[in-house]
Each structure stands twice: as C-alpha cells, then as structure tokens.
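Have a look at the structure below before the remarks.
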Amino acid sequence: SAMKIGFIGLGNMGGPMAANLAKAGHEVSGFDVAGVEIDGVTSVETGPAAAEGADVVITMLPNGSILRAVADTVIPAMKPGAVLLDCSTVDVDSARAVAQQAKAANLGALDAPVSGGIGGAAGGTLTFMVGGNDEAFAIAKPLFDIMGQKAVHCGEAGNGQAAKICNNMVLGVTMIATCEAFALADKLGLSREAMFDVVSTSSGYSWSMNAYCPAPGVGPTSPADNGYLPGFAAELMLKDLRLSQQAAEAADADTPMGEEATALYARFVEDEDGLGQDFSAMLLRFEKRGRG
Ligand code: NAD
C-alpha cells in the first residue's frame with residue numbers, strides 16, 4: 001500500500017530514486033538545499049517539513065557530517081515508529097551514531113548505501129547493502145524493490161556501509177592491478193585482445209577486467225569505449241577508498257593494498273588529470289609512465 005515518504009537530498013542519485021518512488025504511487029515530499037524540482041515529488045522548504053508524518057524518511061547526501069547535521073533536525077520531526085533510511089555513502093561511525101540517535105527517539109534506522117550509479121538510480125536497478133534491524137528492513141523492503149533489484153541485509157547498524165567500503169576497496173585495488181597489467185602487456189608487445197582473452201578467462205579475472213575493462217575496444221562496452229566519461233568517477237572512487245582507510249584505522253585493520261590504492265587515486269584526482277574522468281582512466285596514467 002502507498003506510503004508517505006520524505007526524501008532529503010535530490011541530487012544525481014536521490015532525484016531519480018525519489019522520482020521512481022513517486023511513479024510507483026507513493027506520496028513523496030522532497031527537500032534539497034539546492035531547491036531541486038523532481039517529477040511527481042512535492043517540494044518542501046525544509047528537512048523537517050519533508051519528515052513530518054512520513055512513514056520512511058530517505059536521505060541521499062554527500063557525506064557523514066552533512067548526514068549528522070540533517071539527522072539532528074529531521075529526527076525530532078519524525079513520528080514514532082517511522083524509519084530513517086540513509087542511502088548515502090558515509091563513514092561507518094556516522095552511520096552508527098545516526099542509528100543510535102534514531103533508536104533513542106523510538107525510530108527505526110537503516111544504513112543502505114548503494115551500488116549501480118546514476119544509471120541504476122534512474123533505472124531502478126540499484127543494489128542496496130543494508131545495516132539495521134529486521135523490523136526496519138521489512139518496512140523498507142518494498143521501497144528497495146522499487147529503487148533497486150537487490151537488497152542484501154548485512155546485519156546491524158553500520159554494516160551496510162562496512163560492506164560497501166570493503167567492496168569498493170576490492171574494486172579500487174583490482175582496477176589498478178588490471179590497468180598496470182595492461183600497460184605492462186602493451187610494453188611487452190602483447191595485443192590488448194590477447195591480454196583480455198587470457199586474463200578474463202584465467203585466474204586474473206575480476207569485475208574490473210571482465211565487466212568494466214579499462215582498455216578501449218576489448219571486452220564488453222565500458223566507459224573506456226566512451227572517452228572515459230563516467231561511469232563511476234575517479235573522485236567518487238577516491239571518496240570510498242578514503243572511507244575504507246578511515247574505517248581501517250579506527251578498527252586497527254592492516255590494509256596495505258587499500259592504502260596504496262587510496263594514494264594512487266588521490267594523486268590521479270588531485271595532481272594528474274583524473275578529476276571528472278571515469279575511475280578506469282587510471283590506465284592512461286600507467287600508459288604514460290615509466291618506472292621512475
Ligand atoms: P549529489 O551531489 O548529486 O547530490 C547530493 C545532494 O544533496 C545535492 O543535490 C545537494 O544539494 C544536497 N544536499 C547537500 N546538503 C544538503 C542538506 N543539508 N540538506 C538537503 N540537501 C542537501 O551526489 P550524488 O551523486 O547524488 O551522491 C549522493 C550519495 O550517493 C553520496 O554519498 C555518494 O557517495 C553516493 N553514491 C553516488 C554514486 C554515483 O554514481 N553518483 C554511486 C553510489 C553512491
């Protein structure tokens with residue numbers, strides 16, 4: 001049955017997600033500081049106004065400090081038993097702090113970061129990685145089914161963010177490994193087709209090689225075939241890698257490859273020409289360089 005939903009943060013991801021919920025027949029009130037208008041979504045002037053009377057309040061915001069600030073104003077405006085559903089990618093500590101605050105106000109809370117990018121948001125094919133209790137998960141499940149194709153319940157509060165950053169740490173590392181191997185193969189005189197055909201069917205295979213090949217002209221169509229337009233922007237990969245290292249530090253986990261991937265993406269985005277390019281454009285940087 002139709003739910004009343006408050007949606008806060010109507011950017012590249014939140015905008016189409018809110019539009020899909022409205023299209024499915026839910027009553028959606030939306031707020032964004034930038035004053036965005038979304039088809040089918042009633043625009044309101046503040047976060048608390050979007051939260052008022054809502055069964056579920058969804059947030060899709062840039063980072064953990066903004067999420068904490070928004071939660072401070074929105075939680076007191078929510079009705080008891082309602083669920084605060086954060087879909088942003090934020091640090092594990094912020095996710096757990098906000099969930100604690102919601103619980104203290106007799107609310108349900110879920111952290112549910114997504115993968116699938118803006119295409120997945122528009123097409124309703126996101127994957128949600130969800131932390132929080134069973135009761136809140138059950139309330140949000142019909143909304144996950146509209147906005148996405150899969151929702152994995154990963155355990156208690158913060159575990160969705162933990163799953164997301166661990167996955168993206170693997171992705172950052174394998175993308176770099178795939179790019180540096182292509183650059184080495186080029187210098188050894190191997191064709192890209194041969195390289196792809198061997199690695200994609202051998203023990204070096206990964207999503208980075210097989211599904212999102214960083215070399216143009218080989219493998220399935222990927223951002224490499226479109227001038228490295230994102231796709232998944234290098235600066236967003238850097239954001240997720242930094243969150244992984246923040247979490248690793250807090251948990252005293254040894255993640256040397258994650259640390260190296262973070263340093264390489266930081267250089268690529270901040271000192272080289274990675275900003276605005278797809279994260280697989282890392283191949284171009286290796287092509288340009290020697291060992292020195
Ligand atoms: P975005 O910058 O396009 O959208 C964020 C929106 O939040 C903006 O419209 C901004 O005006 C609004 N906002 C900022 N502060 C606010 C406040 N205090 N109150 C209300 N609105 C506020 O970013 P995005 O690409 O939509 O990403 C949102 C989140 O999703 C991020 O955490 C990002 O890491 C994550 N994410 C993005 C992608 C992607 O491909 N873009 C993929 C997976 C996850």
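Letters for chains follow the order of the structure tokens (A, B, ...), residue numbers begin at 1 for each chain, and ligand numbers begin at 1 in the order shown.
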
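Using only C-alpha atoms and all ligand atoms, we find that the residues with an atom at most 6 Å from any atom of ligand 1 are A:Ile8, A:Gly9, A:Leu10, A:Gly11, A:Asn12, A:Met13, A:Gly14, A:Phe31, A:Asp32, A:Val33, A:Ala34, A:Met60, A:Leu61, A:Pro62, A:Asn63, A:Ile66, A:Val70, A:Ser88, A:Thr89, A:Val114, A:Ser115, A:Gly117, A:Ile118, A:Phe232.
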
Using only C-alpha atoms, find each residue of region 106-185 of chain A with at least one atom at most 12 Å away from an atom of region 196-202 of chain A; report its shortest atom-to-atom pair and that distance in Å (one decimal), sort the rows by chain and rising residue number, and return the result as JSON lines.
{"residue": "A:Ala177", "atom": "CA", "partner": "A:Val199", "partner_atom": "CA", "distance": 11.8}
{"residue": "A:Thr178", "atom": "CA", "partner": "A:Val199", "partner_atom": "CA", "distance": 9.3}
{"residue": "A:Cys179", "atom": "CA", "partner": "A:Phe196", "partner_atom": "CA", "distance": 11.5}
{"residue": "A:Ala181", "atom": "CA", "partner": "A:Val199", "partner_atom": "CA", "distance": 9.8}
{"residue": "A:Phe182", "atom": "CA", "partner": "A:Phe196", "partner_atom": "CA", "distance": 8.7}
{"residue": "A:Ala185", "atom": "CA", "partner": "A:Phe196", "partner_atom": "CA", "distance": 10.3}

Quick one: which region 215-245 of chain A residues come within 9 Å of region 259-264 of chain A, and what is the nearest atom pair for each with the distance in Å to one decimal, counting only C-alpha atoms, rows ordered by chain and ascending number, as CSV?
residue,atom,partner,partner_atom,distance
A:Met237,CA,A:Thr262,CA,8.7
A:Leu238,CA,A:Thr262,CA,6.3
A:Lys239,CA,A:Thr262,CA,8.8
A:Asp240,CA,A:Thr262,CA,8.9
A:Leu241,CA,A:Thr262,CA,5.4
A:Arg242,CA,A:Thr262,CA,6.3
A:Ser244,CA,A:Glu259,CA,8.7
A:Gln245,CA,A:Glu259,CA,6.6

In region 81-281 of chain A, what's helix (DSSP H, G or I) per DSSP? Answer as an mmCIF file with C-alpha atoms, in the first residue's frame?
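Result file follows (out-v4.cif):
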data_model
loop_
_atom_site.group_PDB
_atom_site.id
_atom_site.type_symbol
_atom_site.label_atom_id
_atom_site.label_comp_id
_atom_site.auth_asym_id
_atom_site.auth_seq_id
_atom_site.Cartn_x
_atom_site.Cartn_y
_atom_site.Cartn_z
ATOM 1 C CA VAL A 92 30.746 3.721 9.468
ATOM 2 C CA ASP A 93 30.952 5.846 12.654
ATOM 3 C CA SER A 94 28.469 8.438 11.353
ATOM 4 C CA ALA A 95 26.086 5.667 10.248
ATOM 5 C CA ARG A 96 26.212 4.061 13.719
ATOM 6 C CA ALA A 97 25.859 7.425 15.525
ATOM 7 C CA VAL A 98 22.796 8.414 13.488
ATOM 8 C CA ALA A 99 21.220 4.976 14.007
ATOM 9 C CA GLN A 100 21.773 5.312 17.769
ATOM 10 C CA GLN A 101 20.168 8.749 17.795
ATOM 11 C CA ALA A 102 17.177 7.448 15.810
ATOM 12 C CA LYS A 103 16.757 4.485 18.144
ATOM 13 C CA ALA A 104 16.752 6.798 21.168
ATOM 14 C CA GLY A 117 25.482 4.575 -10.064
ATOM 15 C CA ILE A 118 23.204 7.092 -11.733
ATOM 16 C CA GLY A 119 22.130 4.554 -14.378
ATOM 17 C CA GLY A 120 20.992 2.212 -11.621
ATOM 18 C CA ALA A 121 19.215 5.049 -9.812
ATOM 19 C CA ALA A 122 17.331 6.079 -12.955
ATOM 20 C CA GLY A 123 16.521 2.509 -13.996
ATOM 21 C CA ASP A 134 14.864 -6.873 10.829
ATOM 22 C CA GLU A 135 11.799 -4.788 11.636
ATOM 23 C CA ALA A 136 13.115 -1.672 9.888
ATOM 24 C CA PHE A 137 14.383 -3.784 6.969
ATOM 25 C CA ALA A 138 10.904 -5.269 6.494
ATOM 26 C CA ILE A 139 9.317 -1.792 6.408
ATOM 27 C CA ALA A 140 11.829 -0.532 3.821
ATOM 28 C CA LYS A 141 11.861 -3.689 1.655
ATOM 29 C CA PRO A 142 9.041 -2.594 -0.719
ATOM 30 C CA LEU A 143 10.951 0.650 -1.342
ATOM 31 C CA PHE A 144 14.194 -1.221 -2.047
ATOM 32 C CA ASP A 145 12.217 -3.294 -4.565
ATOM 33 C CA ILE A 146 11.167 -0.129 -6.417
ATOM 34 C CA MET A 147 14.523 1.655 -6.361
ATOM 35 C CA ASN A 159 27.180 -2.969 8.404
ATOM 36 C CA GLY A 160 25.768 -1.675 5.116
ATOM 37 C CA GLN A 161 28.474 0.999 4.997
ATOM 38 C CA ALA A 162 31.074 -1.576 6.060
ATOM 39 C CA ALA A 163 30.067 -3.870 3.177
ATOM 40 C CA LYS A 164 30.099 -1.011 0.677
ATOM 41 C CA ILE A 165 33.592 0.244 1.536
ATOM 42 C CA CYS A 166 35.059 -3.258 1.665
ATOM 43 C CA ASN A 167 33.596 -4.000 -1.772
ATOM 44 C CA ASN A 168 34.852 -0.739 -3.217
ATOM 45 C CA MET A 169 38.295 -1.243 -1.709
ATOM 46 C CA VAL A 170 38.483 -4.537 -3.646
ATOM 47 C CA LEU A 171 37.240 -2.723 -6.755
ATOM 48 C CA GLY A 172 39.814 0.096 -6.485
ATOM 49 C CA VAL A 173 42.643 -2.374 -5.996
ATOM 50 C CA THR A 174 41.612 -4.704 -8.835
ATOM 51 C CA MET A 175 41.078 -1.792 -11.223
ATOM 52 C CA ILE A 176 44.600 -0.517 -10.548
ATOM 53 C CA ALA A 177 46.038 -4.034 -10.902
ATOM 54 C CA THR A 178 44.172 -4.502 -14.196
ATOM 55 C CA CYS A 179 45.363 -1.126 -15.547
ATOM 56 C CA GLU A 180 49.007 -1.617 -14.627
ATOM 57 C CA ALA A 181 48.940 -5.116 -16.131
ATOM 58 C CA PHE A 182 47.521 -3.764 -19.424
ATOM 59 C CA ALA A 183 50.265 -1.106 -19.523
ATOM 60 C CA LEU A 184 52.930 -3.754 -18.895
ATOM 61 C CA ALA A 185 51.402 -6.058 -21.529
ATOM 62 C CA ASP A 186 51.491 -3.210 -24.088
ATOM 63 C CA LYS A 187 55.174 -2.623 -23.382
ATOM 64 C CA ARG A 192 45.035 -5.955 -25.928
ATOM 65 C CA GLU A 193 42.731 -8.562 -27.371
ATOM 66 C CA ALA A 194 45.128 -11.364 -26.367
ATOM 67 C CA MET A 195 45.559 -9.825 -22.933
ATOM 68 C CA PHE A 196 41.783 -9.601 -22.419
ATOM 69 C CA ASP A 197 41.111 -13.085 -23.794
ATOM 70 C CA VAL A 198 43.689 -14.652 -21.482
ATOM 71 C CA VAL A 199 43.129 -12.760 -18.234
ATOM 72 C CA TRP A 207 34.803 -7.488 -12.487
ATOM 73 C CA SER A 208 37.359 -4.799 -13.424
ATOM 74 C CA MET A 209 38.687 -6.900 -16.307
ATOM 75 C CA ASN A 210 35.622 -8.877 -17.348
ATOM 76 C CA PRO A 223 33.451 3.899 -20.180
ATOM 77 C CA ALA A 224 36.823 3.194 -21.886
ATOM 78 C CA ASP A 225 34.842 2.979 -25.133
ATOM 79 C CA ASN A 226 33.279 6.373 -24.438
ATOM 80 C CA ALA A 234 37.609 8.714 -10.125
ATOM 81 C CA GLU A 235 36.805 11.231 -7.368
ATOM 82 C CA LEU A 236 33.932 9.057 -6.123
ATOM 83 C CA MET A 237 36.271 6.057 -6.012
ATOM 84 C CA LEU A 238 38.701 8.214 -4.034
ATOM 85 C CA LYS A 239 35.928 9.139 -1.584
ATOM 86 C CA ASP A 240 35.100 5.457 -0.981
ATOM 87 C CA LEU A 241 38.769 4.452 -0.659
ATOM 88 C CA ARG A 242 39.314 7.191 1.925
ATOM 89 C CA LEU A 243 36.311 5.900 3.886
ATOM 90 C CA SER A 244 37.847 2.411 3.786
ATOM 91 C CA GLN A 245 41.125 3.736 5.218
ATOM 92 C CA GLN A 246 39.312 5.785 7.883
ATOM 93 C CA ALA A 247 37.468 2.613 8.928
ATOM 94 C CA ALA A 248 40.650 0.518 8.794
ATOM 95 C CA GLU A 249 42.415 2.975 11.062
ATOM 96 C CA ALA A 250 39.538 3.047 13.552
ATOM 97 C CA ALA A 251 39.331 -0.770 13.577
ATOM 98 C CA PRO A 256 48.260 -2.031 2.642
ATOM 99 C CA MET A 257 46.714 -2.500 -0.810
ATOM 100 C CA GLY A 258 43.771 -0.280 0.110
ATOM 101 C CA GLU A 259 46.233 2.318 1.371
ATOM 102 C CA GLU A 260 48.226 2.200 -1.860
ATOM 103 C CA ALA A 261 45.054 2.403 -3.979
ATOM 104 C CA THR A 262 43.931 5.445 -1.963
ATOM 105 C CA ALA A 263 47.290 7.164 -2.530
ATOM 106 C CA LEU A 264 47.227 6.412 -6.280
ATOM 107 C CA TYR A 265 43.647 7.670 -6.734
ATOM 108 C CA ALA A 266 44.461 10.780 -4.667
ATOM 109 C CA ARG A 267 47.377 11.549 -6.990
ATOM 110 C CA PHE A 268 45.290 10.770 -10.066
ATOM 111 C CA VAL A 269 42.430 13.057 -8.994
ATOM 112 C CA GLU A 270 44.355 15.871 -7.285
ATOM 113 C CA PHE A 279 37.993 5.614 -12.460
ATOM 114 C CA SER A 280 39.168 3.197 -15.185
ATOM 115 C CA ALA A 281 41.037 6.086 -16.893
#

Notebook entry, point to check: Any idea what's packed within 7 Å of region 81-86 of chain A, counting only C-alpha atoms, ignoring anything in its chain fewer than 4 positions away? Could you give it as a ChimeraX atom specification?
Noted result: /A:54-60,106-112,136

Only N, CA and C atoms, please: the residues just picked out, written as a PDB file, in the first residue's frame.
ATOM      1  N   ALA A  54       5.875  11.325   7.886  1.00  0.00           N
ATOM      2  CA  ALA A  54       6.359  10.307   6.938  1.00  0.00           C
ATOM      3  C   ALA A  54       6.520   8.947   7.620  1.00  0.00           C
ATOM      4  N   ASP A  55       6.217   7.887   6.876  1.00  0.00           N
ATOM      5  CA  ASP A  55       6.482   6.522   7.365  1.00  0.00           C
ATOM      6  C   ASP A  55       7.968   6.204   7.250  1.00  0.00           C
ATOM      7  N   VAL A  56       8.564   6.702   6.179  1.00  0.00           N
ATOM      8  CA  VAL A  56      10.003   6.486   5.948  1.00  0.00           C
ATOM      9  C   VAL A  56      10.610   7.807   5.473  1.00  0.00           C
ATOM     10  N   VAL A  57      11.745   8.188   6.067  1.00  0.00           N
ATOM     11  CA  VAL A  57      12.496   9.352   5.581  1.00  0.00           C
ATOM     12  C   VAL A  57      13.793   8.836   4.977  1.00  0.00           C
ATOM     13  N   ILE A  58      13.978   9.147   3.697  1.00  0.00           N
ATOM     14  CA  ILE A  58      15.186   8.692   2.981  1.00  0.00           C
ATOM     15  C   ILE A  58      16.135   9.867   2.829  1.00  0.00           C
ATOM     16  N   THR A  59      17.418   9.632   3.105  1.00  0.00           N
ATOM     17  CA  THR A  59      18.432  10.657   2.872  1.00  0.00           C
ATOM     18  C   THR A  59      19.423  10.156   1.828  1.00  0.00           C
ATOM     19  N   MET A  60      19.835  11.052   0.921  1.00  0.00           N
ATOM     20  CA  MET A  60      20.826  10.709  -0.105  1.00  0.00           C
ATOM     21  C   MET A  60      21.753  11.912  -0.247  1.00  0.00           C
ATOM     22  N   ASN A 106      12.881   6.452  19.388  1.00  0.00           N
ATOM     23  CA  ASN A 106      11.865   5.444  19.036  1.00  0.00           C
ATOM     24  C   ASN A 106      11.618   5.328  17.543  1.00  0.00           C
ATOM     25  N   LEU A 107      12.666   5.492  16.776  1.00  0.00           N
ATOM     26  CA  LEU A 107      12.570   5.335  15.322  1.00  0.00           C
ATOM     27  C   LEU A 107      13.364   4.109  14.900  1.00  0.00           C
ATOM     28  N   GLY A 108      13.009   3.563  13.725  1.00  0.00           N
ATOM     29  CA  GLY A 108      13.856   2.563  13.099  1.00  0.00           C
ATOM     30  C   GLY A 108      14.946   3.283  12.312  1.00  0.00           C
ATOM     31  N   ALA A 109      16.060   2.597  12.072  1.00  0.00           N
ATOM     32  CA  ALA A 109      17.132   3.222  11.292  1.00  0.00           C
ATOM     33  C   ALA A 109      17.834   2.173  10.448  1.00  0.00           C
ATOM     34  N   LEU A 110      18.122   2.545   9.216  1.00  0.00           N
ATOM     35  CA  LEU A 110      18.858   1.653   8.311  1.00  0.00           C
ATOM     36  C   LEU A 110      19.943   2.462   7.604  1.00  0.00           C
ATOM     37  N   ASP A 111      21.140   1.894   7.491  1.00  0.00           N
ATOM     38  CA  ASP A 111      22.120   2.451   6.551  1.00  0.00           C
ATOM     39  C   ASP A 111      22.099   1.534   5.341  1.00  0.00           C
ATOM     40  N   ALA A 112      21.886   2.136   4.175  1.00  0.00           N
ATOM     41  CA  ALA A 112      21.688   1.327   2.965  1.00  0.00           C
ATOM     42  C   ALA A 112      22.362   1.970   1.768  1.00  0.00           C
ATOM     43  N   ALA A 136      12.942  -2.822  10.786  1.00  0.00           N
ATOM     44  CA  ALA A 136      13.115  -1.672   9.888  1.00  0.00           C
ATOM     45  C   ALA A 136      13.351  -2.149   8.456  1.00  0.00           C
TER      46      ALA A 136
END

Check: Taking the backbone alone, and naming residues the way the document does, which bits of region 94-185 of chain A are strand (DSSP E or B) by DSSP, as a ChimeraX atom specification?
Finding: /A:108-111,114-115,126-131,148-155

What does the file look like for those residues with C-alpha atoms, as a compact mmCIF listing (two decimals), in the first residue's frame?
# COMPACT_ATOMS: atom_id res chain seq x y z
CA GLY A 108 13.86 2.56 13.10
CA ALA A 109 17.13 3.22 11.29
CA LEU A 110 18.86 1.65 8.31
CA ASP A 111 22.12 2.45 6.55
CA VAL A 114 24.01 1.62 -3.00
CA SER A 115 25.98 0.42 -5.94
CA LEU A 126 20.43 -0.36 -7.64
CA THR A 127 21.89 -2.86 -5.19
CA PHE A 128 21.39 -1.89 -1.52
CA MET A 129 23.77 -3.05 1.22
CA VAL A 130 21.77 -2.72 4.39
CA GLY A 131 22.58 -2.43 8.09
CA GLY A 148 16.66 -1.43 -6.88
CA GLN A 149 16.94 -5.03 -7.94
CA LYS A 150 18.65 -6.39 -4.83
CA ALA A 151 18.86 -5.55 -1.13
CA VAL A 152 21.33 -7.52 0.99
CA HIS A 153 20.73 -7.34 4.74
CA CYS A 154 24.26 -7.32 6.17
CA GLY A 155 23.47 -7.18 9.90
